[in-house]
>>> print(open('final.cif').read())   # mmCIF, C-alpha atoms
data_start
#
loop_
_atom_site.label_atom_id
_atom_site.label_comp_id
_atom_site.auth_asym_id
_atom_site.auth_seq_id
_atom_site.Cartn_x
_atom_site.Cartn_y
_atom_site.Cartn_z
CA MET A 589 88.27 81.20 151.90
CA LYS A 590 90.89 81.28 149.15
CA ARG A 591 91.19 84.55 147.25
CA VAL A 592 90.50 84.08 143.53
CA HIS A 593 93.32 85.60 141.44
CA VAL A 594 91.83 87.39 138.44
CA VAL A 595 93.71 89.27 135.71
CA ALA A 596 92.02 92.23 134.05
CA ALA A 597 93.04 94.75 131.42
CA VAL A 598 92.60 98.46 130.88
CA ILE A 599 92.97 98.31 127.10
CA ARG A 600 93.73 101.73 125.66
CA ARG A 601 93.75 102.48 121.97
CA ALA A 602 95.58 105.32 120.20
CA ASP A 603 92.80 107.89 120.78
CA GLY A 604 92.91 107.24 124.54
CA LYS A 605 89.57 105.45 124.75
CA VAL A 606 89.29 102.39 127.02
CA LEU A 607 87.57 99.10 126.18
CA ILE A 608 84.90 97.74 128.54
CA ALA A 609 82.67 94.68 128.26
CA ARG A 610 79.23 93.87 129.63
CA ARG A 611 78.80 90.76 131.77
CA GLY A 612 76.14 88.24 130.88
CA ALA A 613 72.90 88.24 132.88
CA THR A 614 73.62 84.82 134.42
CA GLN A 615 77.20 85.62 135.48
CA HIS A 616 78.33 86.78 138.93
CA GLN A 617 77.55 90.54 139.03
CA GLY A 618 75.53 90.04 135.82
CA ASN A 619 74.69 92.89 133.42
CA LEU A 620 77.35 95.17 134.92
CA TRP A 621 80.25 96.52 132.89
CA GLU A 622 83.78 95.28 133.51
CA PHE A 623 87.35 95.40 132.29
CA PRO A 624 88.12 92.29 130.20
CA GLY A 625 89.98 89.40 131.81
CA GLY A 626 89.43 86.26 133.84
CA LYS A 627 90.82 83.79 136.38
CA LEU A 628 94.42 82.64 136.27
CA GLU A 629 95.00 78.97 135.60
CA ALA A 630 97.21 76.87 137.89
CA GLY A 631 100.90 77.73 137.46
CA GLU A 632 100.17 80.62 135.11
CA THR A 633 101.92 83.99 135.47
CA PRO A 634 99.69 87.10 135.43
CA ARG A 635 101.22 88.32 132.15
CA ALA A 636 100.67 84.95 130.47
CA GLY A 637 97.15 84.68 131.87
CA LEU A 638 96.33 88.16 130.62
CA ALA A 639 97.48 87.29 127.10
CA ARG A 640 95.47 84.06 127.12
CA GLU A 641 92.28 85.67 128.44
CA LEU A 642 92.35 88.55 125.96
CA ALA A 643 92.99 86.17 123.07
CA GLU A 644 90.03 84.02 124.15
CA GLU A 645 87.63 86.84 125.01
CA LEU A 646 88.53 89.47 122.43
CA GLY A 647 90.60 87.77 119.75
CA ILE A 648 93.59 90.08 120.20
CA GLU A 649 97.32 89.51 120.71
CA VAL A 650 98.85 91.66 123.47
CA THR A 651 102.10 93.31 122.40
CA SER A 652 102.61 95.92 125.15
CA ALA A 653 101.39 95.77 128.75
CA ARG A 654 102.46 96.89 132.22
CA PRO A 655 101.09 96.51 135.76
CA LEU A 656 98.50 99.14 136.70
CA ILE A 657 96.91 98.27 140.07
CA GLN A 658 96.06 95.31 142.32
CA VAL A 659 92.68 95.42 144.06
CA PRO A 660 91.76 92.92 146.78
CA HIS A 661 88.00 92.82 147.26
CA ASP A 662 85.65 90.77 149.44
CA TYR A 663 82.16 90.06 148.13
CA PRO A 664 79.67 88.31 150.46
CA ASP A 665 80.11 85.09 148.48
CA LYS A 666 83.74 85.26 147.28
CA GLN A 667 87.10 86.97 147.72
CA VAL A 668 89.01 88.18 144.67
CA LEU A 669 92.35 89.78 143.84
CA LEU A 670 92.07 91.82 140.67
CA ASP A 671 95.51 91.99 139.07
CA VAL A 672 95.06 94.81 136.58
CA TRP A 673 97.34 95.61 133.65
CA GLU A 674 97.45 98.58 131.29
CA VAL A 675 97.47 97.30 127.69
CA ASP A 676 98.49 99.93 125.15
CA GLY A 677 99.63 97.69 122.33
CA PHE A 678 97.82 94.81 120.64
CA ASN A 679 97.30 93.15 117.27
CA GLY A 680 93.83 92.51 115.90
CA GLU A 681 90.48 94.23 116.33
CA PRO A 682 88.78 93.43 119.66
CA HIS A 683 85.42 91.72 119.33
CA GLY A 684 83.15 89.90 121.77
CA ALA A 685 84.32 86.36 121.01
CA GLU A 686 81.97 85.04 123.71
CA GLY A 687 79.04 87.19 122.57
CA GLN A 688 79.63 89.94 125.16
CA PRO A 689 78.83 93.56 124.16
CA LEU A 690 81.90 95.82 123.99
CA GLU A 691 82.26 99.58 124.08
CA TRP A 692 85.14 102.02 123.67
CA VAL A 693 84.74 104.76 126.27
CA ALA A 694 86.58 108.03 126.95
CA PRO A 695 88.22 107.73 130.39
CA ARG A 696 86.31 110.73 131.76
CA ALA A 697 83.02 108.97 130.87
CA LEU A 698 83.78 105.70 132.68
CA GLY A 699 81.98 106.97 135.78
CA GLU A 700 78.71 106.95 133.80
CA TYR A 701 78.77 103.12 133.57
CA GLU A 702 77.79 100.70 136.32
CA PHE A 703 80.67 98.42 137.40
CA PRO A 704 80.99 95.81 140.15
CA ALA A 705 82.23 97.35 143.40
CA ALA A 706 85.65 95.70 142.98
CA ASN A 707 86.14 97.60 139.69
CA LEU A 708 85.69 101.13 141.08
CA ALA A 709 89.36 101.58 141.97
CA ILE A 710 90.24 100.38 138.45
CA VAL A 711 87.97 103.08 137.02
CA SER A 712 89.97 105.66 138.99
CA ALA A 713 93.29 104.17 137.87
CA ALA A 714 92.14 104.16 134.24
CA ARG A 715 91.23 107.84 134.45
CA LEU A 716 94.38 109.04 136.22
CA PRO A 717 97.70 109.85 134.51
CA ALA A 718 101.08 108.42 135.51
CA SER A 719 102.39 111.67 136.99
CA TYR A 720 101.06 114.18 139.51
CA LEU A 721 102.54 117.68 139.39
CA ILE A 722 102.75 119.67 142.64
CA THR A 723 103.48 123.39 142.39
CA PRO A 724 106.64 124.74 144.08
CA ASP A 725 106.69 126.99 147.15
CA ASN A 726 107.69 130.64 147.26
CA LEU A 727 106.95 131.58 143.68
CA PRO A 728 105.31 134.93 142.87
CA GLY A 729 101.78 134.42 141.58
CA PRO A 730 102.50 135.38 137.95
CA GLU A 731 105.55 133.07 137.84
CA LEU A 732 103.59 130.18 139.33
CA LEU A 733 100.73 130.63 136.88
CA GLY A 734 103.18 130.92 133.99
CA GLY A 735 104.85 127.68 135.02
CA LEU A 736 101.48 126.00 135.39
CA ARG A 737 100.48 127.14 131.91
CA ALA A 738 103.74 125.74 130.50
CA ALA A 739 103.32 122.43 132.36
CA ILE A 740 99.81 121.96 130.97
CA ALA A 741 101.06 122.77 127.48
CA GLN A 742 103.70 120.04 127.97
CA GLY A 743 101.04 117.48 128.91
CA ALA A 744 100.48 117.72 132.68
CA ARG A 745 97.00 116.33 133.38
CA LEU A 746 96.86 116.24 137.18
CA VAL A 747 98.04 119.26 139.18
CA GLN A 748 98.05 120.14 142.87
CA LEU A 749 98.11 123.84 143.73
CA ARG A 750 100.36 123.83 146.80
CA ALA A 751 101.31 127.23 148.18
CA PRO A 752 101.77 126.91 151.96
CA ASP A 753 103.58 130.27 152.15
CA LEU A 754 100.47 132.20 151.06
CA TYR A 755 97.74 133.59 153.29
CA ASP A 756 94.26 132.19 152.67
CA PRO A 757 92.95 135.14 150.57
CA GLN A 758 96.06 135.02 148.36
CA TYR A 759 95.70 131.27 147.85
CA ARG A 760 92.02 131.62 146.98
CA ASP A 761 92.78 134.32 144.38
CA LEU A 762 95.49 132.11 142.89
CA ALA A 763 93.11 129.14 142.88
CA VAL A 764 90.56 131.10 140.82
CA ASP A 765 93.20 131.72 138.14
CA ALA A 766 94.44 128.11 138.29
CA VAL A 767 90.89 126.80 137.78
CA GLY A 768 90.69 128.84 134.58
CA LEU A 769 94.06 127.58 133.33
CA CYS A 770 93.20 123.94 133.97
CA ALA A 771 89.65 124.01 132.59
CA ALA A 772 89.12 121.15 130.10
CA LYS A 773 92.90 120.50 130.04
CA ALA A 774 93.99 119.17 133.43
CA GLN A 775 92.43 118.12 136.72
CA LEU A 776 93.23 120.67 139.42
CA MET A 777 93.53 119.53 143.05
CA LEU A 778 93.30 122.24 145.71
CA LYS A 779 94.37 122.22 149.36
CA GLY A 780 92.73 124.13 152.15
CA PRO A 781 89.81 124.21 154.58
CA LEU A 782 86.86 122.03 153.61
CA GLU A 783 84.66 125.09 154.05
CA TRP A 784 85.99 126.22 150.65
CA LEU A 785 84.65 123.17 148.82
CA GLY A 786 81.55 124.90 147.52
CA ASP A 787 83.54 127.80 146.09
CA PHE A 788 85.54 125.66 143.64
CA PRO A 789 83.13 123.00 142.32
CA SER A 790 85.30 121.93 139.39
CA ALA A 791 88.39 121.28 141.52
CA GLY A 792 89.28 118.13 143.39
CA TRP A 793 90.55 118.27 146.95
CA HIS A 794 93.82 116.97 148.35
CA LEU A 795 93.69 116.48 152.11
CA THR A 796 96.69 116.89 154.35
CA SER A 797 97.42 114.00 156.70
CA ALA A 798 96.13 116.16 159.57
CA GLN A 799 92.83 116.72 157.75
CA LEU A 800 92.64 113.01 156.96
CA ARG A 801 92.96 112.12 160.63
CA LYS A 802 90.37 114.74 161.59
CA TYR A 803 87.72 114.04 158.96
CA ALA A 804 88.05 110.34 158.07
CA PRO A 805 85.50 109.22 160.70
CA ASN A 806 82.90 111.42 158.97
CA GLY A 807 83.34 109.70 155.60
CA ARG A 808 83.67 111.24 152.18
CA PRO A 809 82.86 114.99 152.23
CA PHE A 810 81.40 115.15 148.70
CA PRO A 811 79.99 112.80 146.02
CA ALA A 812 82.04 110.36 143.96
CA ASP A 813 81.95 112.54 140.83
CA ARG A 814 84.63 114.82 142.31
CA TRP A 815 88.23 113.77 142.95
CA LEU A 816 89.35 113.30 146.56
CA ALA A 817 92.97 112.58 147.48
CA ALA A 818 95.04 112.50 150.66
CA SER A 819 98.65 112.66 151.77
CA CYS A 820 99.73 109.43 153.49
CA HIS A 821 102.96 108.40 155.16
CA ASN A 822 102.23 105.06 156.86
CA ALA A 823 99.82 102.14 157.09
CA GLU A 824 97.55 103.90 159.59
CA GLU A 825 96.97 106.85 157.26
CA LEU A 826 96.37 104.54 154.29
CA GLU A 827 93.71 102.77 156.35
CA LEU A 828 92.07 106.11 157.17
CA ALA A 829 92.15 107.08 153.49
CA GLU A 830 90.45 103.83 152.55
CA ARG A 831 87.82 104.33 155.26
CA MET A 832 87.13 107.85 153.99
CA GLY A 833 86.69 106.65 150.42
CA VAL A 834 89.42 108.71 148.76
CA ASP A 835 90.10 108.15 145.06
CA PHE A 836 93.90 108.19 145.30
CA VAL A 837 96.76 109.06 147.64
CA THR A 838 100.33 110.22 147.67
CA LEU A 839 102.71 108.07 149.71
CA SER A 840 105.83 109.82 150.97
CA PRO A 841 108.68 110.30 151.38
CA ILE A 842 110.17 107.51 149.33
CA GLN A 843 113.62 109.10 149.40
CA ALA A 844 115.15 112.07 151.23
CA THR A 845 113.85 115.43 150.00
CA GLN A 846 114.74 119.11 150.25
CA THR A 847 111.12 119.94 151.11
CA HIS A 848 111.07 117.71 154.23
CA PRO A 849 114.73 117.05 155.12
CA ASP A 850 113.90 115.68 158.60
CA ALA A 851 111.40 113.05 157.41
CA SER A 852 112.60 109.45 157.48
CA PRO A 853 112.37 107.94 153.96
CA LEU A 854 110.20 104.87 153.47
CA GLY A 855 112.36 103.40 150.71
CA TRP A 856 111.11 101.32 147.80
CA GLU A 857 110.73 98.05 149.69
CA GLN A 858 108.52 99.47 152.43
CA ALA A 859 106.51 101.44 149.87
CA HIS A 860 105.89 98.19 147.98
CA ALA A 861 104.64 96.49 151.16
CA LEU A 862 102.30 99.39 151.98
CA ILE A 863 100.85 99.52 148.46
CA ALA A 864 100.24 95.76 148.33
CA GLY A 865 97.24 95.77 150.66
CA PHE A 866 95.77 99.16 149.77
CA GLY A 867 93.83 98.67 146.54
CA LYS A 868 93.57 102.29 145.37
CA PRO A 869 95.84 104.34 143.09
CA VAL A 870 99.03 105.49 144.83
CA TYR A 871 101.46 108.15 143.66
CA LEU A 872 104.94 107.81 145.14
CA LEU A 873 106.38 111.12 146.29
CA GLY A 874 109.66 112.34 147.70
CA GLY A 875 113.01 112.57 145.95
CA LEU A 876 111.67 111.10 142.70
CA SER A 877 111.66 112.24 139.09
CA PRO A 878 109.57 111.31 136.03
CA GLY A 879 112.28 108.76 135.21
CA ASP A 880 111.23 106.72 138.26
CA CYS A 881 107.84 105.90 136.74
CA ASP A 882 108.76 102.42 135.51
CA ARG A 883 110.05 101.44 138.94
CA ALA A 884 106.91 102.83 140.57
CA TRP A 885 104.72 100.77 138.22
CA SER A 886 106.74 97.66 139.02
CA ILE A 887 105.76 97.86 142.72
CA GLY A 888 102.09 98.57 142.07
CA ALA A 889 101.97 102.37 142.14
CA GLN A 890 99.90 104.50 139.77
CA GLY A 891 102.97 106.58 139.09
CA VAL A 892 105.07 109.33 140.63
CA ALA A 893 104.42 112.79 142.03
CA GLY A 894 106.82 115.61 142.55
CA ILE A 895 107.65 119.27 142.65
CA ARG A 896 111.09 120.39 141.47
CA SER A 897 111.91 117.68 138.96
CA PHE A 898 108.39 117.89 137.45
CA TRP A 899 108.19 121.68 137.19
CA PRO A 900 108.92 123.12 133.71
CA THR A 901 112.33 124.75 133.40
CA PRO A 902 112.11 128.48 132.54
CA ARG A 903 113.24 129.21 128.99
#
>>> encode(input="final.cif", output="C-alpha cells")
Amino acid sequence: MKRVHVVAAVIRRADGKVLIARRGATQHQGNLWEFPGGKLEAGETPRAGLARELAEELGIEVTSARPLIQVPHDYPDKQVLLDVWEVDGFNGEPHGAEGQPLEWVAPRALGEYEFPAANLAIVSAARLPASYLITPDNLPGPELLGGLRAAIAQGARLVQLRAPDLYDPQYRDLAVDAVGLCAAKAQLMLKGPLEWLGDFPSAGWHLTSAQLRKYAPNGRPFPADRWLAASCHNAEELELAERMGVDFVTLSPIQATQTHPDASPLGWEQAHALIAGFGKPVYLLGGLSPGDCDRAWSIGAQGVAGIRSFWPTPR
C-alpha cells in the first residue's frame, strides 16, 4: 500500500495561538479537529504544496514557514506521511474557504480537542519550544536556582532539572523549589525514581535510557496530560520510547561533549536517519548550541537541547 504524502501546517499568529480546523462529517476521520493541509499533487514539493493547500483552504499566502515534524501513521484503511510545517508568517485573514469551522487555540489547550491519532505527535510538537534547557552539574543549590530563574526570565520554556551529583533528599528539596520557579512560566522535567511521580504532579518526567529499557514493556506510567520524555542514543531506544508512548525524546550525542567524552558521536547524518522513521518530537543533544537550531529543523528535529551553551552567563 502506497503511503499518502500529506502536508499540514501549525499556523501560529503573533499571540502564539495555533489555528485548527474541524473535518466534515463525511470525511475520513470526520468531525475531528486537524491541522490545515492536504495531499501533495504529483511532482509538487512539500513547501509548494503547503502554500497551495493553505491558499485553497484558508485564503492565506504563506510568507514564512519551516519544517516541524514528519509523522508516518498507519490507519486500518490507509497509510499516511504527515509532513508538518510551522507557519509563522502569512498574508490575509484565515477563513474556512471550504466551509470548515476554524478556531484559534492556545497551545496548552490543544489537548482538550479531539484529533485523529496521526495528529497527536503534531499536538506535542505544536506545544513544545525549539530549545530544551538542562541544568549543569555541580552547582550549589542557590546558584542553580538563581540560574534557573534567570533562564526563565530570558524565555526558557522547557527545563530539565539534572543534578546527578546530589543525593536523593537533596534533589527532592531542589525539585520543590524548581517547581515553584517554573509554575505557569516553564514546563519542568524531573529525573529520578518513578516512585516520586505522585509527589510532583505538575512536573513532567524525563527517563534515563536505563529506565526506558526497564519500564517500556509496562507502557506509559501516567496519563497523557503529563509530559513524558526519554533519553535515547540509538534506534533500539527510539523504538522502546515509541512503544512506551513518550511525548518527546533527546537523541545524543550528536557531537563530542565534555559531559560524556567517551561516547561515540552520532553525527548529523545518522541523526537524520534515526529521526526519519520515529514520528515524535526529537531534541538533538551533545555539543550543540542554540545556533544549531536551524540545522536541527532541517533534518526533522524539534530543536536542540543542551547544558553549558544554554545556561545563562552570570552577570
>>> resolve_selection(input="final.cif", expression="the PyMOL selection byres ((chain A and resi 844) around 6)", output="PyMOL selection string")
chain A and resi 843+845+853+875
>>> resolve_selection(input="final.cif", expression="the PyMOL selection byres ((chain A and resi 590-603) around 7)", output="VMD selection string")
chain A and resid 589 604 to 607 623 to 628 634 637 to 638 667 to 676 714
>>> closest_residue(input="final.cif", among="A:Gln890, A:Gln688, A:Asn726, A:Gln799", to="His860 (chain A)", atoms="all atoms listed in the file")
A:Gln890
>>> atom_distance(input="final.cif", atom1="CA of Arg896 (chain A)", atom2="CA of Ala653 (chain A)")
29.4 Å
>>> residues_around(input="final.cif", residues="Tyr720 (chain A)", least_positions_apart="4", cutoff="10 Å", atoms="only C-alpha atoms", output="tab-separated table (two decimals) with C-alpha atoms, keeping the file's coordinate frame")
chain	number	residue	atom	x	y	z
A	716	LEU	CA	94.38	109.04	136.22
A	744	ALA	CA	100.48	117.72	132.68
A	745	ARG	CA	97.00	116.33	133.38
A	746	LEU	CA	96.86	116.24	137.18
A	747	VAL	CA	98.04	119.26	139.18
A	748	GLN	CA	98.05	120.14	142.87
A	775	GLN	CA	92.43	118.12	136.72
A	777	MET	CA	93.53	119.53	143.05
A	838	THR	CA	100.33	110.22	147.67
A	871	TYR	CA	101.46	108.15	143.66
A	872	LEU	CA	104.94	107.81	145.14
A	873	LEU	CA	106.38	111.12	146.29
A	878	PRO	CA	109.57	111.31	136.03
A	890	GLN	CA	99.90	104.50	139.77
A	891	GLY	CA	102.97	106.58	139.09
A	892	VAL	CA	105.07	109.33	140.63
A	893	ALA	CA	104.42	112.79	142.03
A	894	GLY	CA	106.82	115.61	142.55
A	895	ILE	CA	107.65	119.27	142.65
A	898	PHE	CA	108.39	117.89	137.45
>>> resolve_selection(input="final.cif", expression="the PyMOL selection byres ((chain A and resi 813) around 10)", output="list in words")
Gly699, Glu700, Gly792, Phe810, Pro811, Ala812, Arg814, Trp815 and Leu816 of chain A
>>> atom_distance(input="final.cif", atom1="CA of Ala817 (chain A)", atom2="CA of Pro730 (chain A)")
26.5 Å
>>> residues_near_point(input="final.cif", point="(102.8, 119.8, 134.1)", cutoff="9 Å", atoms="only C-alpha atoms", output="PyMOL selection string")
chain A and resi 719-722+735-747+774+898-900
>>> closest_residue(input="final.cif", among="A:Leu769, A:Phe678, A:Ile657, A:Val764", to="Ala639 (chain A)", atoms="only C-alpha atoms")
A:Phe678
>>> atom_distance(input="final.cif", atom1="CA of Gly833 (chain A)", atom2="CA of Thr723 (chain A)")
25.0 Å
>>> closest_residue(input="final.cif", among="A:Lys868, A:Ala818, A:Pro781, A:Arg883", to="Asp756 (chain A)", atoms="only C-alpha atoms")
A:Pro781
>>> closest_residue(input="final.cif", among="A:Gly734, A:Gly855, A:Pro752, A:Gly867", to="Thr901 (chain A)", atoms="only C-alpha atoms")
A:Gly734
>>> residues_around(input="final.cif", residues="Leu762 (chain A)", least_positions_apart="3", cutoff="9 Å", atoms="all atoms listed in the file", output="list in words")
Gly729, Leu733, Leu749, Pro757, Gln758, Tyr759, Asp765, Ala766 and Val767 of chain A
>>> write_last_selection(input="final.cif", atoms="C-alpha atoms", output="tab-separated table (two decimals), in the frame of the given file")
chain	number	residue	atom	x	y	z
A	729	GLY	CA	101.78	134.42	141.58
A	733	LEU	CA	100.73	130.63	136.88
A	749	LEU	CA	98.11	123.84	143.73
A	757	PRO	CA	92.95	135.14	150.57
A	758	GLN	CA	96.06	135.02	148.36
A	759	TYR	CA	95.70	131.27	147.85
A	765	ASP	CA	93.20	131.72	138.14
A	766	ALA	CA	94.44	128.11	138.29
A	767	VAL	CA	90.89	126.80	137.78
>>> residues_around(input="final.cif", residues="Asn806 (chain A)", least_positions_apart="3", cutoff="8 Å", atoms="all atoms listed in the file", output="list in words")
Tyr803, Pro809 and Met832 of chain A
>>> closest_residue(input="final.cif", among="A:Ala636, A:Leu620, A:Ala889, A:Lys773", to="Leu708 (chain A)", atoms="all atoms listed in the file")
A:Leu620
>>> axis_aligned_box(input="final.cif", around="region 825-833 of chain A", padding_each_side="3 Å", output="JSON")
{"center_x": 91.8, "center_y": 105.3, "center_z": 153.8, "size_x": 16.3, "size_y": 11.1, "size_z": 12.8}
>>> closest_residue(input="final.cif", among="A:Pro695, A:Pro704, A:Gly647, A:Pro655", to="Glu681 (chain A)", atoms="all atoms listed in the file")
A:Gly647
